$ cat structure_8.cif   # mmCIF, C-alpha atoms
data_protein
#
loop_
_atom_site.label_atom_id
_atom_site.label_comp_id
_atom_site.auth_asym_id
_atom_site.auth_seq_id
_atom_site.Cartn_x
_atom_site.Cartn_y
_atom_site.Cartn_z
CA MET G 1 124.63 101.18 68.10
CA THR G 2 127.53 101.88 70.46
CA PHE G 3 127.50 105.55 69.47
CA LEU G 4 124.41 105.96 71.62
CA ALA G 5 126.51 105.47 74.71
CA VAL G 6 129.25 107.95 73.90
CA ASP G 7 127.74 110.75 71.81
CA HIS G 8 127.35 112.92 74.94
CA ASP G 9 130.93 114.11 74.49
CA ASP G 10 130.22 115.46 71.02
CA HIS G 11 127.12 117.23 72.25
CA ALA G 12 129.01 118.73 75.17
CA ASN G 13 131.50 120.23 72.74
CA ASN G 14 128.74 121.73 70.63
CA PRO G 15 126.30 123.49 72.97
CA LYS G 16 124.49 125.11 70.04
CA SER G 17 123.56 121.75 68.55
CA ASN G 18 120.02 121.62 67.21
CA GLN G 19 119.76 117.88 67.86
CA PRO G 20 117.69 118.11 71.08
CA ARG G 21 115.34 120.59 69.43
CA ASP G 22 114.90 118.26 66.47
CA HIS G 23 114.34 115.34 68.82
CA ILE G 24 111.61 117.24 70.65
CA ARG G 25 109.80 117.93 67.38
CA ILE G 26 110.03 114.31 66.27
CA LEU G 27 108.92 113.02 69.67
CA THR G 28 105.91 115.35 69.57
CA VAL G 29 104.83 113.85 66.25
CA LEU G 30 105.51 110.28 67.39
CA THR G 31 103.58 110.83 70.64
CA LEU G 32 100.51 112.10 68.82
CA LEU G 33 100.80 109.35 66.22
CA SER G 34 100.98 106.67 68.92
CA ARG G 35 97.82 108.02 70.52
CA ALA G 36 96.02 108.14 67.17
CA LEU G 37 96.92 104.54 66.34
CA VAL G 38 95.77 103.26 69.73
CA ALA G 39 92.55 105.31 69.49
CA VAL G 40 91.74 103.84 66.07
CA LEU G 41 92.45 100.27 67.18
CA LEU G 42 90.42 100.74 70.37
CA SER G 43 87.51 102.23 68.42
CA LEU G 44 87.51 99.27 66.04
CA SER G 45 87.65 96.88 69.00
CA SER G 46 84.48 98.42 70.40
CA TYR G 47 82.56 96.72 67.58
CA LEU G 48 83.54 93.27 68.86
CA PRO G 49 81.31 91.36 71.31
CA LEU G 50 81.95 92.09 74.98
CA PHE G 51 83.12 89.22 77.17
CA ASP G 52 81.56 91.03 80.16
CA ALA G 53 78.41 93.09 79.58
CA SER G 54 78.78 95.19 82.75
CA PRO G 55 79.36 98.47 80.83
CA ARG G 56 75.93 98.12 79.22
CA THR G 57 74.29 98.22 82.64
CA VAL G 58 75.75 101.66 83.39
CA LEU G 59 76.26 103.59 80.15
CA HIS G 60 73.50 104.86 77.87
CA PRO G 61 72.74 102.31 75.10
CA SER G 62 73.34 104.89 72.38
CA VAL G 63 77.07 105.18 73.22
CA PHE G 64 77.75 101.62 72.00
CA PRO G 65 79.89 101.01 70.04
CA SER G 66 82.24 103.95 70.39
CA PHE G 67 85.72 104.94 71.47
CA HIS G 68 84.62 106.32 74.83
CA SER G 69 82.36 103.36 75.64
CA SER G 70 85.43 101.11 75.24
CA LEU G 71 87.16 103.02 78.04
CA PHE G 72 84.62 101.76 80.58
CA ARG G 73 86.38 98.55 81.62
CA TRP G 74 87.81 96.86 84.71
CA ASP G 75 88.72 99.27 87.53
CA VAL G 76 86.95 102.13 85.78
CA LEU G 77 83.65 100.65 86.97
CA HIS G 78 84.88 100.98 90.56
CA PHE G 79 86.26 104.48 89.98
CA ALA G 80 82.91 105.59 88.54
CA ALA G 81 81.06 104.19 91.55
CA VAL G 82 83.34 106.03 93.98
CA ALA G 83 83.05 109.20 91.90
CA LYS G 84 79.26 109.02 92.13
CA ASP G 85 78.61 107.76 95.66
CA GLY G 86 81.91 108.04 97.51
CA TYR G 87 83.52 105.14 99.34
CA ALA G 88 80.33 103.21 100.04
CA TYR G 89 81.89 99.76 100.43
CA GLU G 90 84.99 98.51 102.18
CA HIS G 91 86.66 97.03 99.08
CA GLN G 92 86.56 100.43 97.34
CA TRP G 93 89.27 101.69 99.72
CA ALA G 94 91.78 99.77 97.59
CA TRP G 95 91.79 102.81 95.29
CA PHE G 96 92.97 106.29 96.12
CA LEU G 97 90.85 109.32 95.30
CA GLY G 98 92.79 110.66 92.28
CA ALA G 99 91.10 108.77 89.45
CA PRO G 100 87.57 109.00 90.92
CA PHE G 101 88.13 112.73 91.42
CA LEU G 102 88.87 113.17 87.71
CA LEU G 103 85.69 111.30 86.78
CA ARG G 104 83.63 113.30 89.26
CA THR G 105 85.03 116.54 87.85
CA GLY G 106 84.43 115.40 84.28
CA ALA G 107 80.81 114.57 85.05
CA ARG G 108 80.27 118.19 86.19
CA LEU G 109 81.73 119.74 83.05
CA PRO G 110 79.60 120.49 79.96
CA THR G 111 78.14 117.25 78.65
CA LEU G 112 79.96 115.72 75.70
CA SER G 113 77.92 112.52 75.54
CA HIS G 114 74.54 111.03 76.41
CA ASP G 115 75.04 110.66 80.16
CA PRO G 116 77.36 112.10 82.85
CA THR G 117 79.48 108.95 83.11
CA SER G 118 80.26 108.63 79.42
CA SER G 119 80.83 112.39 79.24
CA ALA G 120 83.31 112.06 82.10
CA LEU G 121 85.10 109.34 80.13
CA VAL G 122 85.52 111.73 77.21
CA TRP G 123 86.79 114.57 79.39
CA THR G 124 89.29 112.32 81.14
CA ALA G 125 90.54 110.96 77.82
CA LEU G 126 91.01 114.54 76.61
CA LEU G 127 92.98 115.40 79.75
CA HIS G 128 95.24 112.39 79.34
CA THR G 129 95.76 113.29 75.70
CA ALA G 130 96.68 116.83 76.71
CA ILE G 131 99.45 115.62 79.02
CA ALA G 132 100.80 113.08 76.52
CA VAL G 133 103.34 115.35 74.81
CA PRO G 134 104.53 117.01 78.05
CA THR G 135 105.05 113.53 79.52
CA THR G 136 107.29 112.45 76.64
CA HIS G 137 109.19 115.74 76.72
CA ALA G 138 109.75 115.42 80.47
CA LEU G 139 111.26 111.96 80.06
CA TYR G 140 113.52 113.21 77.26
CA ARG G 141 114.74 116.19 79.31
CA LEU G 142 115.21 114.08 82.44
CA THR G 143 117.30 111.57 80.47
CA MET G 144 119.32 114.38 78.90
CA HIS G 145 120.03 115.80 82.34
CA HIS G 146 121.41 112.55 83.72
CA PHE G 147 123.01 110.91 80.67
CA ARG G 148 124.11 114.00 78.69
CA SER G 149 123.36 112.09 75.48
CA PRO G 150 120.74 113.34 73.01
CA ALA G 151 120.73 109.97 71.21
CA PHE G 152 120.16 107.98 74.40
CA ALA G 153 117.46 110.43 75.53
CA PHE G 154 115.72 110.15 72.17
CA LEU G 155 115.91 106.36 72.24
CA SER G 156 114.52 106.16 75.78
CA ALA G 157 111.68 108.58 75.07
CA SER G 158 110.83 106.75 71.85
CA LEU G 159 110.64 103.43 73.70
CA SER G 160 108.21 105.03 76.15
CA LEU G 161 105.74 105.19 73.25
CA LEU G 162 105.61 101.37 73.33
CA PRO G 163 104.15 100.84 76.83
CA GLY G 164 102.98 97.53 78.22
CA SER G 165 99.40 98.79 78.64
CA PRO G 166 98.65 101.47 76.02
CA VAL G 167 94.97 102.02 76.86
CA THR G 168 95.53 102.61 80.59
CA LEU G 169 98.57 104.81 79.86
CA TYR G 170 96.94 106.83 77.09
CA PHE G 171 93.18 107.26 77.53
CA ALA G 172 91.42 105.25 80.24
CA PRO G 173 90.48 107.09 83.45
CA TYR G 174 93.09 105.15 85.40
CA ALA G 175 95.66 106.64 87.76
CA GLU G 176 98.61 105.70 85.55
CA PRO G 177 98.64 108.61 83.04
CA MET G 178 98.70 111.24 85.77
CA VAL G 179 101.14 109.30 87.95
CA THR G 180 103.54 108.92 85.01
CA PHE G 181 103.29 112.59 84.05
CA LEU G 182 103.66 113.86 87.63
CA SER G 183 106.49 111.43 88.44
CA TYR G 184 108.53 112.52 85.41
CA LYS G 185 107.92 116.20 86.15
CA GLY G 186 108.83 115.75 89.80
CA MET G 187 111.98 113.79 88.99
CA LEU G 188 113.04 116.46 86.51
CA ALA G 189 112.40 119.23 89.05
CA CYS G 190 114.41 117.28 91.63
CA ALA G 191 117.31 116.87 89.19
CA GLN G 192 117.19 120.64 88.63
CA THR G 193 117.35 121.18 92.45
CA ARG G 194 113.80 122.55 92.56
CA TYR G 195 113.03 120.41 95.55
CA LEU G 196 109.79 121.93 96.81
CA ARG G 197 108.30 121.82 93.31
CA ALA G 198 109.42 118.20 93.00
CA SER G 199 107.75 117.30 96.29
CA LEU G 200 104.50 118.92 95.21
CA TYR G 201 104.49 116.93 91.98
CA PHE G 202 105.21 113.75 93.96
CA THR G 203 102.45 114.55 96.46
CA VAL G 204 99.80 114.86 93.76
CA ALA G 205 101.07 111.65 92.14
CA ALA G 206 100.77 109.87 95.49
CA ALA G 207 97.10 110.92 95.66
CA PHE G 208 96.48 108.69 92.64
CA ARG G 209 98.36 105.52 93.64
CA SER G 210 99.64 104.10 96.91
CA ASN G 211 103.07 103.32 95.43
CA GLY G 212 103.46 107.05 94.82
CA ALA G 213 104.73 107.20 98.40
CA LEU G 214 108.01 105.72 97.12
CA LEU G 215 108.63 109.01 95.34
CA ALA G 216 109.44 110.46 98.75
CA LEU G 217 112.96 109.02 98.49
CA TYR G 218 114.16 111.31 95.66
CA VAL G 219 114.61 114.61 97.46
CA PRO G 220 116.38 113.14 100.53
CA TRP G 221 118.61 111.14 98.20
CA SER G 222 119.55 114.26 96.24
CA LEU G 223 120.08 116.45 99.31
CA VAL G 224 121.61 113.99 101.77
CA VAL G 225 122.50 110.53 100.46
CA HIS G 226 124.14 111.38 97.13
CA PRO G 227 126.33 114.17 98.61
CA PHE G 228 127.38 111.84 101.45
CA LEU G 229 128.29 109.03 99.07
CA SER G 230 130.27 111.48 96.95
CA SER G 231 132.17 113.34 99.68
CA ARG G 232 131.71 111.20 102.82
CA GLN G 233 130.57 114.34 104.61
CA LEU G 234 127.20 114.84 106.23
CA PRO G 235 125.23 117.88 105.04
CA HIS G 236 124.31 120.76 107.33
CA LEU G 237 121.41 120.33 109.76
CA THR G 238 119.23 122.73 107.76
CA THR G 239 119.70 120.48 104.73
CA PHE G 240 118.44 117.51 106.75
CA ILE G 241 115.40 119.50 107.82
CA HIS G 242 114.70 120.60 104.26
CA ALA G 243 115.04 117.03 102.98
CA ALA G 244 112.78 115.64 105.70
CA SER G 245 110.14 118.29 105.04
CA CYS G 246 110.09 117.52 101.34
CA ALA G 247 110.00 113.79 102.02
CA VAL G 248 106.95 114.04 104.28
CA LEU G 249 104.72 115.66 101.65
CA PRO G 250 104.37 112.61 99.30
CA LEU G 251 103.47 110.47 102.32
CA LEU G 252 100.49 112.65 103.25
CA PRO G 253 97.94 111.28 100.71
CA SER G 254 98.47 107.73 101.94
CA LEU G 255 98.30 108.84 105.55
CA ALA G 256 95.11 110.83 104.90
CA HIS G 257 93.55 107.82 103.15
CA GLN G 258 94.24 105.65 106.20
CA VAL G 259 93.10 108.24 108.75
CA ILE G 260 89.80 108.92 106.97
CA ALA G 261 89.10 105.18 106.76
CA PHE G 262 90.02 104.69 110.43
CA ARG G 263 87.60 107.40 111.49
CA ALA G 264 84.84 105.94 109.30
CA PHE G 265 85.23 102.31 110.36
CA CYS G 266 86.99 102.26 113.73
CA LEU G 267 85.38 105.21 115.52
CA PRO G 268 81.62 104.54 115.25
CA SER G 269 79.26 107.34 116.16
CA THR G 270 77.98 107.58 119.73
CA GLY G 271 74.97 105.38 120.34
CA VAL G 272 75.54 103.20 117.28
CA ASP G 273 76.12 99.53 118.11
CA ALA G 274 78.50 98.71 115.30
CA GLN G 275 81.07 95.96 115.13
CA VAL G 276 84.60 97.28 114.69
CA PRO G 277 86.48 95.57 111.83
CA SER G 278 89.41 93.39 112.82
CA TRP G 279 91.94 95.55 110.96
CA CYS G 280 91.24 98.42 113.34
CA THR G 281 93.25 96.63 116.03
CA ASP G 282 96.22 95.89 113.77
CA PHE G 283 99.44 97.82 114.26
CA PRO G 284 99.52 99.94 112.33
CA PRO G 285 95.84 99.83 111.37
CA SER G 286 95.63 99.89 107.58
CA ILE G 287 92.46 99.51 105.57
CA TYR G 288 94.52 99.42 102.39
CA ALA G 289 96.51 96.37 103.53
CA HIS G 290 93.30 94.75 104.83
CA VAL G 291 91.42 95.24 101.57
CA GLN G 292 94.32 94.02 99.43
CA ARG G 293 94.70 90.93 101.63
CA THR G 294 90.98 90.15 102.02
CA TYR G 295 89.50 90.94 98.62
CA TRP G 296 92.47 90.48 96.29
CA HIS G 297 94.43 87.88 98.30
CA VAL G 298 97.61 89.93 98.06
CA GLY G 299 100.50 88.65 100.14
CA PHE G 300 104.06 87.42 99.84
CA LEU G 301 104.15 84.91 96.93
CA SER G 302 100.38 84.32 97.29
CA TYR G 303 99.98 85.08 93.59
CA TRP G 304 102.52 82.43 92.63
CA THR G 305 100.11 79.64 91.76
CA PRO G 306 99.98 77.51 88.58
CA ALA G 307 96.80 79.28 87.48
CA GLN G 308 98.49 82.69 87.60
CA LEU G 309 101.74 81.77 85.86
CA PRO G 310 100.51 83.15 82.48
CA ASN G 311 99.77 86.51 84.13
CA ILE G 312 103.19 86.54 85.78
CA ALA G 313 104.83 85.66 82.47
CA LEU G 314 103.11 88.62 80.78
CA ALA G 315 105.00 91.05 83.01
CA LEU G 316 108.43 89.43 82.75
CA PRO G 317 109.50 91.25 79.53
CA LEU G 318 109.29 94.49 81.52
CA LEU G 319 110.37 93.21 84.93
CA VAL G 320 113.44 91.20 83.93
CA PRO G 321 115.30 93.98 82.04
CA LEU G 322 114.34 96.51 84.71
CA LEU G 323 115.58 94.40 87.62
CA MET G 324 118.75 93.38 85.78
CA HIS G 325 119.47 97.02 85.01
CA SER G 326 118.79 98.06 88.62
CA PHE G 327 120.98 95.34 90.14
CA SER G 328 123.79 96.19 87.72
CA TYR G 329 124.34 99.34 89.80
CA LEU G 330 125.78 97.07 92.49
CA SER G 331 128.73 96.19 90.24
CA PRO G 332 131.65 98.58 89.66
CA PRO G 333 131.16 100.46 86.37
CA HIS G 334 133.39 99.55 83.48
CA GLY G 335 133.77 100.62 79.85
CA THR G 336 130.70 102.12 78.24
CA SER G 337 128.50 100.85 81.09
CA GLN G 338 129.64 103.79 83.22
CA GLY G 339 128.00 106.23 80.81
CA LEU G 340 124.82 104.14 80.79
CA ARG G 341 124.62 104.03 84.58
CA PRO G 342 125.51 107.53 85.83
CA PRO G 343 125.73 107.85 89.63
CA THR G 344 122.99 110.50 89.61
CA THR G 345 120.48 107.80 88.59
CA THR G 346 121.20 105.50 91.54
CA ALA G 347 118.01 106.63 93.29
CA HIS G 348 116.06 105.66 90.18
CA ALA G 349 117.65 102.21 90.23
CA LEU G 350 116.77 101.77 93.90
CA HIS G 351 113.18 102.89 93.28
CA ALA G 352 112.89 100.49 90.35
CA ALA G 353 114.30 97.58 92.35
CA LEU G 354 111.93 98.19 95.27
CA LEU G 355 108.83 98.47 93.09
CA GLY G 356 109.88 95.65 90.76
CA ILE G 357 110.48 93.18 93.59
CA THR G 358 107.19 94.19 95.22
CA LEU G 359 105.27 93.62 91.99
CA LEU G 360 106.95 90.27 91.48
CA THR G 361 106.36 88.93 94.99
CA ASN G 362 103.53 90.89 96.65
CA ALA G 363 101.05 91.88 93.95
CA HIS G 364 99.04 90.74 90.99
CA THR G 365 102.20 90.77 88.94
CA GLN G 366 100.61 91.68 85.60
CA ILE G 367 99.81 95.18 86.90
CA ALA G 368 103.51 95.85 86.31
CA LEU G 369 102.48 96.40 82.68
CA ARG G 370 100.76 99.64 83.69
CA LEU G 371 102.74 100.66 86.78
CA LEU G 372 106.32 100.39 85.50
CA PRO G 373 105.98 103.02 82.74
CA ALA G 374 105.95 105.62 85.53
CA LEU G 375 109.61 104.72 86.12
CA PRO G 376 112.15 106.25 83.72
CA SER G 377 114.34 103.26 84.55
CA THR G 378 111.92 101.06 82.62
CA TYR G 379 112.95 102.76 79.38
CA TRP G 380 116.55 103.38 80.38
CA ALA G 381 116.81 99.63 80.94
CA ALA G 382 115.25 98.92 77.53
CA ALA G 383 117.54 101.41 75.79
CA THR G 384 120.58 99.95 77.55
CA LEU G 385 119.47 96.48 76.46
CA LEU G 386 119.36 97.65 72.84
CA ILE G 387 122.89 99.02 73.14
CA GLU G 388 124.58 96.28 75.14
CA ARG G 389 122.61 93.27 73.90
CA PRO G 390 121.11 94.25 70.54
CA TRP G 391 119.44 90.89 69.84
CA TRP G 392 117.58 90.94 73.15
CA GLY G 393 116.82 94.61 72.66
CA ARG G 394 115.20 93.96 69.31
CA ALA G 395 113.25 91.09 70.88
CA TYR G 396 111.97 93.50 73.52
CA VAL G 397 110.82 96.02 70.89
CA THR G 398 109.09 93.25 68.92
CA TRP G 399 107.29 92.09 72.06
CA ALA G 400 106.31 95.67 72.97
CA VAL G 401 104.74 96.28 69.55
CA LEU G 402 102.91 92.95 69.32
CA TRP G 403 101.77 92.85 72.92
CA GLY G 404 100.77 96.50 72.91
CA ALA G 405 98.42 95.99 69.95
CA THR G 406 97.06 92.76 71.41
CA SER G 407 96.39 94.34 74.80
CA VAL G 408 94.34 97.12 73.17
CA VAL G 409 92.01 94.57 71.58
CA LEU G 410 91.80 92.52 74.79
CA TRP G 411 90.89 95.67 76.73
CA GLY G 412 88.26 96.59 74.14
CA VAL G 413 86.44 93.27 74.48
CA PHE G 414 86.79 93.26 78.29
CA LEU G 415 89.27 90.39 78.53
CA PRO G 416 92.22 90.22 80.93
CA PRO G 417 94.79 91.29 81.85
CA ALA G 418 93.40 94.43 83.40
#
$ encode --input "structure_8.cif" --output "structure tokens"
Amino acid sequence: MTFLAVDHDDHANNPKSNQPRDHIRILTVLTLLSRALVAVLLSLSSYLPLFDASPRTVLHPSVFPSFHSSLFRWDVLHFAAVAKDGYAYEHQWAWFLGAPFLLRTGARLPTLSHDPTSSALVWTALLHTAIAVPTTHALYRLTMHHFRSPAFAFLSASLSLLPGSPVTLYFAPYAEPMVTFLSYKGMLACAQTRYLRASLYFTVAAAFRSNGALLALYVPWSLVVHPFLSSRQLPHLTTFIHAASCAVLPLLPSLAHQVIAFRAFCLPSTGVDAQVPSWCTDFPPSIYAHVQRTYWHVGFLSYWTPAQLPNIALALPLLVPLLMHSFSYLSPPHGTSQGLRPPTTTAHALHAALLGITLLTNAHTQIALRLLPALPSTYWAAATLLIERPWWGRAYVTWAVLWGATSVVLWGVFLPPA
């Protein structure tokens, strides 16, 4: 499989090659096929007994069993509550507005089911299906831009069709499908020096998940850091201003989330004798950090208990290759590894390392299964593993197929991991 690392030279000498066009066609078919297989398996799983009957207390009885009823699991119950009534309880501030906004919008569209909530599930699933092919294409084109290898781009994009959490990445009204799509599009725009467009993509992505704020690093890296590392010369002042302006935009959704919560909880109306929550006096005051700490017990290594070791182990097949790949950028390139770790992807490696370490030490680690697919480095690491260590690469693919199918059934019967 070593040809995957060096075929970029052949392609560069043959600019009229039809290989990328053929790859795009194949990836389109594979993307649709992957969605169809997951949809069938999830529909069949809806006929199994539910471990938690909560969905039956919200959805119309006539929608059971069905594909769209099986989407109403885990965080979707919280998203639906926020979509209907707004942020009525403190713990709901753990989620940004993106996913609830999609459900609220879907509930106002023409009814496709027996009640507004189940209809919204259908509309959201249709939206996520509509962005499936563009998401795969964006990853392929982004990989082509950086690696200049059609074979490596095809391999990476193909591996993206074996995610660690297929339901949340394909159909469920979670934040992950939109974050993945918008992240890839923004990264591609940034690579093409369309910096304002990239920042706008990143800003919308950050409205869905708090970790979207990390996307703010890409434009400054491209405009300031990468040129400095290459030439040891600082860019012009206007370049700094442009980079800073683009970097601020993806931070705004998180800032707005905090400000709105501060005004709601920490600035009680005149004449109302209300107790101010303790987090209001923190510096900086953050309802998000408070909710994660209070309701989900998130903190440094707080998740590392014997009871949670199985959940941590579930995420290791994604986390270990990703972190190894990211840290390999610290070593001088040699041989074929230089082509598999181009300098233009250093920002991606840094982003992956930051998020990976955070998920491993300061989060419910199993959520890495649905967060890491938004990083191209997840699949670049897997593709590199297949090339440099074929046995381990094949083991990864085997795990991805088996775990992916298993996770669909577990989701369908409302069993963890979420």
$ resolve_selection --input "structure_8.cif" --expression "the PyMOL selection byres ((chain G and resi 68-75) around 9)" --output "count of residues only"
34
$ residues_near_point --input "structure_8.cif" --point "(86.2, 113.2, 84.2)" --cutoff "6 Å" --atoms "all atoms listed in the file" --output "list in words"
Leu102, Leu103, Arg104, Thr105, Gly106, Ala107, Ala120, Leu121, Trp123 and Thr124 of chain G
$ closest_residue --input "structure_8.cif" --among "G:Leu217, G:Ala36, G:Ala99, G:Leu301" --to "Ala205 of chain G" --atoms "only C-alpha atoms"
G:Ala99
$ closest_residue --input "structure_8.cif" --among "G:Thr378, G:Asn211, G:Ser199, G:Thr28" --to "His242 of chain G" --atoms "all atoms listed in the file"
G:Ser199
$ atom_distance --input "structure_8.cif" --atom1 "atom CA of Leu371 of chain G" --atom2 "atom CA of Asp85 of chain G"
26.7 Å
$ resolve_selection --input "structure_8.cif" --expression "the PyMOL selection byres ((chain G and resi 246-263) around 10)" --output "number ranges by chain"
G: 87, 90, 93-98, 195-221, 240-245, 264-269, 277, 279-280, 284-289
$ resolve_selection --input "structure_8.cif" --expression "the PyMOL selection byres ((chain G and resi 146-156) around 10)" --output "PyMOL selection string"
chain G and resi 3-12+17+19-24+26-27+136-137+139-145+157-161+188+191+339-345+376-384+386-387
$ atom_distance --input "structure_8.cif" --atom1 "atom CA of Met178 of chain G" --atom2 "atom CA of Leu32 of chain G"
17.1 Å
$ atom_distance --input "structure_8.cif" --atom1 "atom CA of Leu372 of chain G" --atom2 "atom CA of Met324 of chain G"
14.3 Å
$ closest_residue --input "structure_8.cif" --among "G:Ser222, G:Ser331, G:Gln366, G:Thr117" --to "Thr193 of chain G" --atoms "all atoms listed in the file"
G:Ser222
$ decode --input "structure_8.cif" --residues "segment 73-106 of chain G" --atoms "C-alpha atoms" --output "CSV table (one decimal), in the first residue's frame"
chain,number,residue,atom,x,y,z
G,73,ARG,CA,-32.9,9.1,22.1
G,74,TRP,CA,-30.5,10.6,24.7
G,75,ASP,CA,-29.7,14.3,24.2
G,76,VAL,CA,-32.5,14.6,21.6
G,77,LEU,CA,-35.0,14.6,24.5
G,78,HIS,CA,-33.2,17.7,25.9
G,79,PHE,CA,-32.9,19.3,22.4
G,80,ALA,CA,-36.7,18.9,21.9
G,81,ALA,CA,-37.5,20.4,25.2
G,82,VAL,CA,-35.3,23.5,24.5
G,83,ALA,CA,-36.8,23.7,21.0
G,84,LYS,CA,-40.3,23.8,22.5
G,85,ASP,CA,-39.9,25.8,25.7
G,86,GLY,CA,-36.5,27.5,25.5
G,87,TYR,CA,-33.9,27.2,28.2
G,88,ALA,CA,-36.3,26.6,31.1
G,89,TYR,CA,-33.8,24.8,33.4
G,90,GLU,CA,-30.2,25.5,34.3
G,91,HIS,CA,-28.8,22.1,33.1
G,92,GLN,CA,-30.2,22.8,29.6
G,93,TRP,CA,-27.5,25.5,29.1
G,94,ALA,CA,-25.0,22.6,28.5
G,95,TRP,CA,-26.2,22.6,24.9
G,96,PHE,CA,-25.9,25.4,22.4
G,97,LEU,CA,-28.8,26.5,20.3
G,98,GLY,CA,-27.9,24.9,17.0
G,99,ALA,CA,-29.6,21.5,17.3
G,100,PRO,CA,-32.7,22.8,19.1
G,101,PHE,CA,-33.0,25.5,16.4
G,102,LEU,CA,-33.2,22.8,13.7
G,103,LEU,CA,-35.9,20.9,15.7
G,104,ARG,CA,-37.8,24.1,16.2
G,105,THR,CA,-37.6,24.9,12.5
G,106,GLY,CA,-38.6,21.4,11.5
